[in-house]
There are 2 protein chains.
Amino acid sequence: MKYLAVDVGGTSTRAVVVEDDGTCVGYGTAGGGNPTSSAVTAALSSILTAARAATDQSGLAAADLAAATVGIAGAGGATGPRVHTELVGAGLSDNLTLEPDLLVAFHSGSIAGEGYALVAGTGSAAVRVRDSRIDATCDGLGWLLGDGGSGFWIGHRAILAASSALDHRGPPTALVGLVLAKLGIEETGARDPSKRPSALQHLVDAIYQLRPIELAHFAPLVFEAEAAGDATARGIVDAAADALAATLAAVVVPDVSGPLVLSGSVLAKQPSVARRIVESAPVSGPDPTVITVNDGLVGAVVLALRRAGVTVDDPVFARIKTSLATLR
Amino acid sequence: MKYLAVDVGGTSTRAVVVEDDGTCVGYGTAGGGNPTSSAVTAALSSILTAARAATDQSGLAAADLAAATVGIAGAGGATGPRVHTELVGAGLSDNLTLEPDLLVAFHSGSIAGEGYALVAGTGSAAVRVRDSRIDATCDGLGWLLGDGGSGFWIGHRAILAASSALDHRGPPTALVGLVLAKLGIEETGARDPSKRPSALQHLVDAIYQLRPIELAHFAPLVFEAEAAGDATARGIVDAAADALAATLAAVVVPDVSGPLVLSGSVLAKQPSVARRIVESAPVSGPDPTVITVNDGLVGAVVLALRRAGVTVDDPVFARIKTSLATLR
């Protein structure tokens, strides 16, 4: 039997076809698909595109798959039933299960039944897992209401810092040059009809052309400026670590000791952020295991196999990771 | 001769028909029209609706008007030419002038050639005026990039405070009850599938149904909670006053002494905010005049008459204000 597992993120979506023993035989990707931050239609399209690429690579058709498991934000919320109905209708699989994106993130790092996951990619959230189910969630409220310390949150602050500096309300920062260069805007010194720097007006015009969530693309500039010693960028990174630590702290309880799985580009690519979080919001226990993963795809595979009745033990878990690594 | 003057705000649009001597003879309103924060199409529709109501009340047709002056955000920016072309095409007036919203705000309070205006309605910005033209602008960058201390800014923080408290990341605040009541959400204590308070998930679902700029509607709840002694609300109001003071301070120079015109709902309806701003960012001069106005409509009339060659002196200015007051 073969199964489809999909991990839907705010910026990208990944799908894999897996066999009973944990061997991954097809892999595909597509664009972002978080149904909270972009339209549900875009999420559905991303899932189907990634799934088709994965089944194509495996040499199978959708009809050959015994079941499909999709890890997605809001699986248990208002959009869940609609996503489920439309994916089945589009022929993904009649035997479709939606799982919370944070549970697949946790199981990407661990097959344990309890512990914590903290995710900071485009968005951010923390969960406590108990009996292989989500026992508590903090944040994950989307770009307008939360996602503290996420890629969006950091990128938004990069743009705010650059625009405030150009507007003479904020201190000078290397982010001005980095942000303008990324957008292809020249700093000419010219002023627009309202006597503002022309570069500021061009920045404003460019940013409002984007979907807000796309501000996450500016997050890497903050880490670049921080590495070069920019004080404003350092302040943003520190505040992001504080926000993520607070999100994790809100779900930590004494009787669940870990492991702690860290996922998402901000935590996977910025070890200094991860270290500060672990130090400031310690999970209980003398030395809790901290595992960093890139995304939730391995966990989606774990849950797909478990749902099919496969016992996912250490050898199967290792086979998933090894075979998937050769496909990516 | 009769002229049309329009003042376009983020939440509402006002139009008036005025005679040569400053007597206002027709008044109309419509919805919000800020072309930065909502679609340009909505702005055009609001302007035409308000204009039609004003001309109808005056007993005139659009063809009877010698000229039209529209005070609008971004008059000199990228959307200005499009707004101008479409309004002329829609028959508003062949003789149409767009003026910056901040210049009409200033002239709503003063016919002086120099001074300052600080506006905090749905959005926020400050200008320095010299020779009856804008000499410098700060902020006014819209909800995603600035508008510090504006109605949106305050309302957004009300929602963030309520959602953080429900999410156990932030301190308890009276804003939780006020925000949920305004949205018709019950605090039941029930938890959703991700083990979050159901009220939080309902709040998130409700907020993402709104256009972001509509969060300005929650700003009054902050003033209500502050008046009742809520510490979180007090912190938001203090931060709003600080942000607005910084915006004003960025345009103040020693050789322009005032007057200072304060406009927009946040400043017109919250005298404590206005007082804190005036104290912390003093305009130069021993006792600069501070004038508070509700909106920019009087200033749009002033500029409409000046453009028609009418000298707007104190008697004409007084006649504009008196006759307009009887129409509103």
# chains A, B, ... in the order shown; residues from 1 in each chain; ligands from 1
call {"tool": "select_by_dssp", "arguments": {"residues": "region 101-326 of chain A", "states": "strand (DSSP E)", "output": "list in words"}}
result
Gly115, Tyr116, Ala117, Leu118, Val119, Ala120, Ser124, Ala125, Ala126, Val127, Arg128, Val129, Arg130, Arg133, Ile134, Asp135, Ala136, Thr137, Cys138, Asp139, Leu260, Val261, Leu262, Ser263, Val290, Ile291, Thr292 and Val293 of chain A
call {"tool": "write_last_selection", "arguments": {"atoms": "C-alpha atoms", "output": "PDB file, in the first residue's frame"}}
result
ATOM      1  CA  GLY A 115       6.392  17.004  24.188  1.00  0.00           C
ATOM      2  CA  TYR A 116       6.335  20.453  22.601  1.00  0.00           C
ATOM      3  CA  ALA A 117       6.664  21.988  19.173  1.00  0.00           C
ATOM      4  CA  LEU A 118       7.521  25.606  18.440  1.00  0.00           C
ATOM      5  CA  VAL A 119       7.193  26.639  14.808  1.00  0.00           C
ATOM      6  CA  ALA A 120       8.408  29.925  13.332  1.00  0.00           C
ATOM      7  CA  SER A 124       4.486  31.093  14.429  1.00  0.00           C
ATOM      8  CA  ALA A 125       2.850  28.993  17.130  1.00  0.00           C
ATOM      9  CA  ALA A 126       3.576  26.548  19.932  1.00  0.00           C
ATOM     10  CA  VAL A 127       1.804  23.392  21.021  1.00  0.00           C
ATOM     11  CA  ARG A 128       1.934  20.976  23.897  1.00  0.00           C
ATOM     12  CA  VAL A 129       1.415  17.366  22.748  1.00  0.00           C
ATOM     13  CA  ARG A 130       0.046  14.663  25.057  1.00  0.00           C
ATOM     14  CA  ARG A 133      -2.724  14.834  20.407  1.00  0.00           C
ATOM     15  CA  ILE A 134      -2.581  18.564  20.773  1.00  0.00           C
ATOM     16  CA  ASP A 135      -3.163  19.383  24.418  1.00  0.00           C
ATOM     17  CA  ALA A 136      -2.697  23.183  24.210  1.00  0.00           C
ATOM     18  CA  THR A 137      -1.929  25.759  21.519  1.00  0.00           C
ATOM     19  CA  CYS A 138      -0.541  29.269  21.752  1.00  0.00           C
ATOM     20  CA  ASP A 139      -0.474  31.901  18.994  1.00  0.00           C
ATOM     21  CA  LEU A 260      11.022  20.180  22.200  1.00  0.00           C
ATOM     22  CA  VAL A 261      10.820  20.235  18.412  1.00  0.00           C
ATOM     23  CA  LEU A 262      11.762  23.504  16.697  1.00  0.00           C
ATOM     24  CA  SER A 263      10.583  23.987  13.137  1.00  0.00           C
ATOM     25  CA  VAL A 290      15.796  19.865  21.511  1.00  0.00           C
ATOM     26  CA  ILE A 291      15.340  18.756  17.910  1.00  0.00           C
ATOM     27  CA  THR A 292      15.353  21.157  14.984  1.00  0.00           C
ATOM     28  CA  VAL A 293      13.535  20.240  11.775  1.00  0.00           C
TER      29      VAL A 293
END
call {"tool": "interface_residues", "arguments": {"of": "chain A", "to": "chain B", "cutoff": "9 Å", "atoms": "only C-alpha atoms", "output": "ChimeraX atom specification"}}
result
/A:36-37,74-78,100,127,134-139,141-142,144-146,156,159-160,163-164,167-169,192-196,201-202,204-205,207-208,212,246-247,249-251
call {"tool": "atom_distance", "arguments": {"atom1": "CA of Ile320 (chain B)", "atom2": "CA of Ala268 (chain B)"}}
result
19.5 Å
